[in-house]
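Shown next, in structure tokens, is the structure this report addresses.
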Amino acid sequence: MSTRTDLVGTRAAIAPRIALAATDETALRAATRATGDSFLAAPPSTAQTIGEAMSTVLEAAFAALPDELRGPAPLYVLCHDYSVFAARRLVTRCHDTERRLRPSDSIRPEASELVRPYLTAAGHRGSCYLLAGVSAGAVLELVASSGHPGVVVCEPALLPGDDPHHRDCLAVAAAWGPGGELPVLPDIAPSTPSGLLNALSTERQS
């Protein structure tokens, strides 16, 4: 059997799955209702930090892909809002004369630090794209036309808040197979703070 035939067979076996985790239980419950049980890759869970929430959803999303596609599957990270928040937090700390700056203060805000723990632990071999200033809908169109056998898209969706050093987060990760098939959610998904869930709720198959 050729590689092409193998991939075609794999395509048919992949169902879209979504993973959810949050540092806020209310936001997690709302996102779970909006997503629907049939799409969930694993039971939604709460986390102490944004990084923990991201590792949780990435583990569940990649696990939803077949073994042969999991390692090379590319990861797309929607990180615009998080990057803006992290940059503002760093600026605030730089102007805090009562707090000594540490080398980690300039490294920790990077969006790559949200996904690095999982990718390193999993030995992930696929590409990782950190995307800022790009809408979730545009990213879904890009992914659908990429032709990759399996992909994962994730987002650390920040919840409203005024604290310059802390924000709660709803982490979302979606995994699906090739052929441009996207997990289309119910229309109630836009009630969540996630741009990814919102885009998936309005996306329609051609």
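In the structure tokens, chains take the letters A, B, ... in the order shown, each chain's residues start at 1, and ligands count up from 1 in the order shown.
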
task: Show which residues sit within 8 Å of region 36-52 of chain A, as a list in words. Count only C-alpha atoms, and ignore same-chain residues fewer than 3 positions away.
output: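 Once the nearby chain positions are removed, what remains is Pro16, Arg17, Ile18, Ala19, Leu20, Ala21, Ala22, Thr23, Asp24, Glu25, Leu28, Thr32, Arg33, Ser55, Thr56, Ala60, Ala61, Ala64, Glu113, Leu114, Val115, Pro156, Asp168, Cys169, Ala171, Pro183, Leu185 and Pro186 of chain A.
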
Written selection (N, CA and C atoms) as an mmCIF file, in the first residue's frame:
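New file part_13.cif:
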```
data_model
loop_
_atom_site.group_PDB
_atom_site.id
_atom_site.type_symbol
_atom_site.label_atom_id
_atom_site.label_comp_id
_atom_site.auth_asym_id
_atom_site.auth_seq_id
_atom_site.Cartn_x
_atom_site.Cartn_y
_atom_site.Cartn_z
ATOM 1 N N PRO A 16 -12.724 15.582 14.252
ATOM 2 C CA PRO A 16 -12.271 16.799 14.933
ATOM 3 C C PRO A 16 -12.528 16.724 16.426
ATOM 4 N N ARG A 17 -11.558 17.179 17.201
ATOM 5 C CA ARG A 17 -11.674 17.161 18.653
ATOM 6 C C ARG A 17 -11.174 18.482 19.234
ATOM 7 N N ILE A 18 -11.787 18.888 20.344
ATOM 8 C CA ILE A 18 -11.429 20.140 21.006
ATOM 9 C C ILE A 18 -11.140 19.862 22.470
ATOM 10 N N ALA A 19 -10.080 20.493 22.985
ATOM 11 C CA ALA A 19 -9.699 20.352 24.384
ATOM 12 C C ALA A 19 -9.843 21.703 25.078
ATOM 13 N N LEU A 20 -10.319 21.674 26.325
ATOM 14 C CA LEU A 20 -10.566 22.896 27.092
ATOM 15 C C LEU A 20 -9.945 22.786 28.477
ATOM 16 N N ALA A 21 -9.353 23.887 28.923
ATOM 17 C CA ALA A 21 -8.877 24.001 30.299
ATOM 18 C C ALA A 21 -8.897 25.483 30.646
ATOM 19 N N ALA A 22 -9.028 25.795 31.923
ATOM 20 C CA ALA A 22 -9.110 27.200 32.310
ATOM 21 C C ALA A 22 -8.666 27.387 33.748
ATOM 22 N N THR A 23 -8.269 28.614 34.047
ATOM 23 C CA THR A 23 -7.949 28.973 35.424
ATOM 24 C C THR A 23 -9.183 29.509 36.143
ATOM 25 N N ASP A 24 -10.293 29.578 35.443
ATOM 26 C CA ASP A 24 -11.549 30.082 36.001
ATOM 27 C C ASP A 24 -12.660 29.076 35.695
ATOM 28 N N GLU A 25 -13.303 28.561 36.727
ATOM 29 C CA GLU A 25 -14.302 27.506 36.545
ATOM 30 C C GLU A 25 -15.539 27.998 35.799
ATOM 31 N N LEU A 28 -14.803 28.049 32.175
ATOM 32 C CA LEU A 28 -14.667 26.687 31.674
ATOM 33 C C LEU A 28 -16.037 26.053 31.446
ATOM 34 N N THR A 32 -17.509 24.811 27.867
ATOM 35 C CA THR A 32 -17.908 23.411 27.724
ATOM 36 C C THR A 32 -19.315 23.306 27.159
ATOM 37 N N ARG A 33 -20.226 24.134 27.663
ATOM 38 C CA ARG A 33 -21.598 24.133 27.132
ATOM 39 C C ARG A 33 -21.605 24.554 25.664
ATOM 40 N N SER A 55 -0.652 23.394 28.574
ATOM 41 C CA SER A 55 -0.077 22.049 28.491
ATOM 42 C C SER A 55 -1.181 20.989 28.510
ATOM 43 N N THR A 56 -2.204 21.225 29.312
ATOM 44 C CA THR A 56 -3.310 20.277 29.414
ATOM 45 C C THR A 56 -4.050 20.129 28.093
ATOM 46 N N ALA A 60 -4.120 16.825 25.329
ATOM 47 C CA ALA A 60 -5.370 16.188 24.912
ATOM 48 C C ALA A 60 -5.585 16.293 23.409
ATOM 49 N N ALA A 61 -5.272 17.457 22.833
ATOM 50 C CA ALA A 61 -5.491 17.655 21.403
ATOM 51 C C ALA A 61 -4.567 16.775 20.562
ATOM 52 N N ALA A 64 -5.497 13.190 20.404
ATOM 53 C CA ALA A 64 -6.647 12.864 19.553
ATOM 54 C C ALA A 64 -6.236 12.517 18.133
ATOM 55 N N GLU A 113 6.851 30.313 25.612
ATOM 56 C CA GLU A 113 6.983 29.670 26.916
ATOM 57 C C GLU A 113 5.699 28.965 27.338
ATOM 58 N N LEU A 114 4.578 29.313 26.714
ATOM 59 C CA LEU A 114 3.314 28.654 27.037
ATOM 60 C C LEU A 114 3.235 27.247 26.445
ATOM 61 N N VAL A 115 3.902 27.046 25.317
ATOM 62 C CA VAL A 115 3.818 25.752 24.635
ATOM 63 C C VAL A 115 5.090 24.923 24.779
ATOM 64 N N PRO A 156 -4.558 30.755 24.015
ATOM 65 C CA PRO A 156 -4.761 31.139 25.405
ATOM 66 C C PRO A 156 -5.673 32.362 25.419
ATOM 67 N N ASP A 168 -6.907 35.680 34.264
ATOM 68 C CA ASP A 168 -7.383 34.313 34.094
ATOM 69 C C ASP A 168 -7.451 33.980 32.611
ATOM 70 N N CYS A 169 -7.471 32.702 32.321
ATOM 71 C CA CYS A 169 -7.347 32.268 30.929
ATOM 72 C C CYS A 169 -8.209 31.043 30.652
ATOM 73 N N ALA A 171 -7.951 28.164 27.991
ATOM 74 C CA ALA A 171 -7.085 27.570 26.968
ATOM 75 C C ALA A 171 -7.910 26.637 26.091
ATOM 76 N N PRO A 183 -13.884 21.375 12.705
ATOM 77 C CA PRO A 183 -14.947 21.084 13.664
ATOM 78 C C PRO A 183 -15.892 22.276 13.765
ATOM 79 N N LEU A 185 -18.830 24.175 15.385
ATOM 80 C CA LEU A 185 -19.517 24.172 16.666
ATOM 81 C C LEU A 185 -20.902 24.803 16.547
ATOM 82 N N PRO A 186 -21.733 24.599 17.573
ATOM 83 C CA PRO A 186 -23.045 25.258 17.568
ATOM 84 C C PRO A 186 -22.896 26.777 17.570
#
```

- request: Write out as a list of chain:residue names which residues come within 10 Å of Pro193 (chain A) when counting only C-alpha atoms, dropping same-chain ones fewer than 3 positions away.
  value: A:Ala27, A:Ala30, A:Ala31, A:Pro156, A:Ala157, A:Leu158, A:Leu159, A:Pro160, A:Cys169, A:Leu170, A:Ala189, A:Pro190, A:Leu196, A:Leu197, A:Asn198

Could you dump the residues just selected with N, CA and C atoms as an mmCIF file, in the first residue's frame?
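Okay, part_28.cif is ready:
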```cif
data_model
loop_
_atom_site.group_PDB
_atom_site.id
_atom_site.type_symbol
_atom_site.label_atom_id
_atom_site.label_comp_id
_atom_site.auth_asym_id
_atom_site.auth_seq_id
_atom_site.Cartn_x
_atom_site.Cartn_y
_atom_site.Cartn_z
ATOM 1 N N ALA A 27 -15.752 30.316 33.435
ATOM 2 C CA ALA A 27 -15.431 30.387 32.012
ATOM 3 C C ALA A 27 -15.334 28.996 31.407
ATOM 4 N N ALA A 30 -18.859 27.593 30.792
ATOM 5 C CA ALA A 30 -19.493 28.249 29.646
ATOM 6 C C ALA A 30 -18.921 27.720 28.333
ATOM 7 N N ALA A 31 -17.612 27.554 28.279
ATOM 8 C CA ALA A 31 -16.981 27.039 27.057
ATOM 9 C C ALA A 31 -17.371 25.595 26.802
ATOM 10 N N PRO A 156 -4.558 30.755 24.015
ATOM 11 C CA PRO A 156 -4.761 31.139 25.405
ATOM 12 C C PRO A 156 -5.673 32.362 25.419
ATOM 13 N N ALA A 157 -6.968 32.150 25.565
ATOM 14 C CA ALA A 157 -7.939 33.243 25.530
ATOM 15 C C ALA A 157 -8.011 33.889 26.904
ATOM 16 N N LEU A 158 -7.584 35.135 26.998
ATOM 17 C CA LEU A 158 -7.569 35.828 28.273
ATOM 18 C C LEU A 158 -8.962 36.299 28.655
ATOM 19 N N LEU A 159 -9.267 36.207 29.944
ATOM 20 C CA LEU A 159 -10.539 36.686 30.456
ATOM 21 C C LEU A 159 -10.394 38.150 30.878
ATOM 22 N N PRO A 160 -11.472 38.915 30.871
ATOM 23 C CA PRO A 160 -11.391 40.331 31.233
ATOM 24 C C PRO A 160 -10.797 40.518 32.629
ATOM 25 N N CYS A 169 -7.471 32.702 32.321
ATOM 26 C CA CYS A 169 -7.347 32.268 30.929
ATOM 27 C C CYS A 169 -8.209 31.043 30.652
ATOM 28 N N LEU A 170 -8.782 31.033 29.455
ATOM 29 C CA LEU A 170 -9.433 29.848 28.905
ATOM 30 C C LEU A 170 -8.544 29.326 27.792
ATOM 31 N N ALA A 189 -21.422 29.144 20.516
ATOM 32 C CA ALA A 189 -20.021 29.260 20.900
ATOM 33 C C ALA A 189 -19.527 30.696 21.016
ATOM 34 N N PRO A 190 -20.033 31.673 20.226
ATOM 35 C CA PRO A 190 -19.531 33.041 20.379
ATOM 36 C C PRO A 190 -19.766 33.648 21.756
ATOM 37 N N LEU A 196 -10.926 31.448 18.797
ATOM 38 C CA LEU A 196 -10.897 30.183 18.081
ATOM 39 C C LEU A 196 -12.256 29.500 18.118
ATOM 40 N N LEU A 197 -12.865 29.412 19.292
ATOM 41 C CA LEU A 197 -14.194 28.812 19.383
ATOM 42 C C LEU A 197 -15.213 29.625 18.586
ATOM 43 N N ASN A 198 -15.100 30.939 18.639
ATOM 44 C CA ASN A 198 -16.014 31.784 17.883
ATOM 45 C C ASN A 198 -15.901 31.523 16.388
#
```

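Looking only at region 13-102 of chain A, the set that DSSP places in strand (DSSP E) from backbone geometry is Arg17, Ile18, Ala19, Leu20, Ala21, Ala22, Ser45, Thr46, Leu75, Tyr76, Val77 and Leu78 of chain A.
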
Create the file for the chosen residues now, containing all heavy atoms and written as a short mmCIF file (atom, residue, chain, number, x, y, z; two decimals), in the first residue's frame.
```cif
data_model
loop_
_atom_site.label_atom_id
_atom_site.label_comp_id
_atom_site.auth_asym_id
_atom_site.auth_seq_id
_atom_site.Cartn_x
_atom_site.Cartn_y
_atom_site.Cartn_z
N ARG A 17 -11.56 17.18 17.20
CA ARG A 17 -11.67 17.16 18.65
C ARG A 17 -11.17 18.48 19.23
O ARG A 17 -10.25 19.09 18.71
CB ARG A 17 -10.86 16.01 19.25
CG ARG A 17 -11.47 14.63 18.98
CD ARG A 17 -12.77 14.45 19.75
NE ARG A 17 -13.36 13.15 19.53
CZ ARG A 17 -14.29 12.89 18.63
NH1 ARG A 17 -14.72 13.86 17.83
NH2 ARG A 17 -14.80 11.67 18.49
N ILE A 18 -11.79 18.89 20.34
CA ILE A 18 -11.43 20.14 21.01
C ILE A 18 -11.14 19.86 22.47
O ILE A 18 -11.85 19.09 23.12
CB ILE A 18 -12.56 21.17 20.87
CG1 ILE A 18 -12.71 21.58 19.41
CG2 ILE A 18 -12.30 22.40 21.74
CD1 ILE A 18 -13.86 22.50 19.14
N ALA A 19 -10.08 20.49 22.99
CA ALA A 19 -9.70 20.35 24.38
C ALA A 19 -9.84 21.70 25.08
O ALA A 19 -9.52 22.75 24.50
CB ALA A 19 -8.26 19.85 24.49
N LEU A 20 -10.32 21.67 26.33
CA LEU A 20 -10.57 22.90 27.09
C LEU A 20 -9.95 22.79 28.48
O LEU A 20 -10.02 21.74 29.12
CB LEU A 20 -12.06 23.15 27.25
CG LEU A 20 -12.92 23.27 25.98
CD1 LEU A 20 -14.40 23.30 26.36
CD2 LEU A 20 -12.53 24.53 25.21
N ALA A 21 -9.35 23.89 28.92
CA ALA A 21 -8.88 24.00 30.30
C ALA A 21 -8.90 25.48 30.65
O ALA A 21 -8.80 26.34 29.76
CB ALA A 21 -7.47 23.43 30.47
N ALA A 22 -9.03 25.79 31.92
CA ALA A 22 -9.11 27.20 32.31
C ALA A 22 -8.67 27.39 33.75
O ALA A 22 -8.69 26.45 34.56
CB ALA A 22 -10.54 27.73 32.13
N SER A 45 -10.78 20.69 32.21
CA SER A 45 -10.17 20.71 33.54
C SER A 45 -9.73 22.12 33.92
O SER A 45 -9.50 22.97 33.06
CB SER A 45 -8.96 19.77 33.59
OG SER A 45 -7.96 20.18 32.69
N THR A 46 -9.63 22.35 35.21
CA THR A 46 -9.14 23.62 35.71
C THR A 46 -7.64 23.52 35.94
O THR A 46 -7.09 22.43 36.12
CB THR A 46 -9.83 24.01 37.03
OG1 THR A 46 -9.67 22.94 37.97
CG2 THR A 46 -11.31 24.26 36.80
N LEU A 75 1.73 22.92 14.85
CA LEU A 75 0.95 23.59 15.88
C LEU A 75 0.87 25.07 15.55
O LEU A 75 1.88 25.72 15.32
CB LEU A 75 1.61 23.39 17.25
CG LEU A 75 1.03 24.23 18.41
CD1 LEU A 75 -0.41 23.84 18.68
CD2 LEU A 75 1.90 24.06 19.66
N TYR A 76 -0.35 25.59 15.52
CA TYR A 76 -0.58 27.01 15.29
C TYR A 76 -1.11 27.62 16.60
O TYR A 76 -2.11 27.14 17.14
CB TYR A 76 -1.61 27.22 14.18
CG TYR A 76 -1.17 26.69 12.83
CD1 TYR A 76 -1.29 25.33 12.53
CD2 TYR A 76 -0.65 27.53 11.86
CE1 TYR A 76 -0.89 24.84 11.29
CE2 TYR A 76 -0.25 27.05 10.62
CZ TYR A 76 -0.38 25.70 10.34
OH TYR A 76 0.02 25.21 9.12
N VAL A 77 -0.44 28.65 17.08
CA VAL A 77 -0.79 29.27 18.36
C VAL A 77 -1.31 30.68 18.12
O VAL A 77 -0.58 31.54 17.62
CB VAL A 77 0.42 29.32 19.31
CG1 VAL A 77 0.00 29.84 20.68
CG2 VAL A 77 1.07 27.94 19.44
N LEU A 78 -2.56 30.92 18.47
CA LEU A 78 -3.15 32.25 18.37
C LEU A 78 -2.80 33.02 19.64
O LEU A 78 -3.42 32.81 20.68
CB LEU A 78 -4.67 32.15 18.22
CG LEU A 78 -5.17 31.30 17.04
CD1 LEU A 78 -6.67 31.13 17.11
CD2 LEU A 78 -4.76 31.95 15.73
#
```

field: Atom-to-atom span, CA of Gly71 (chain A) and CA of Leu58 (chain A), Å
entry: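 Atom-to-atom, CA of Gly71 (chain A) and CA of Leu58 (chain A) are spaced 12.5 Å apart.
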
field: Interatomic distance (Å, one decimal) between CA of Val57 (chain A) and CA of Ser145 (chain A)
entry: 23.8 Å

- line: Computed gap from CA of Thr192 (chain A) to CA of Arg88 (chain A) is 23.7 Å
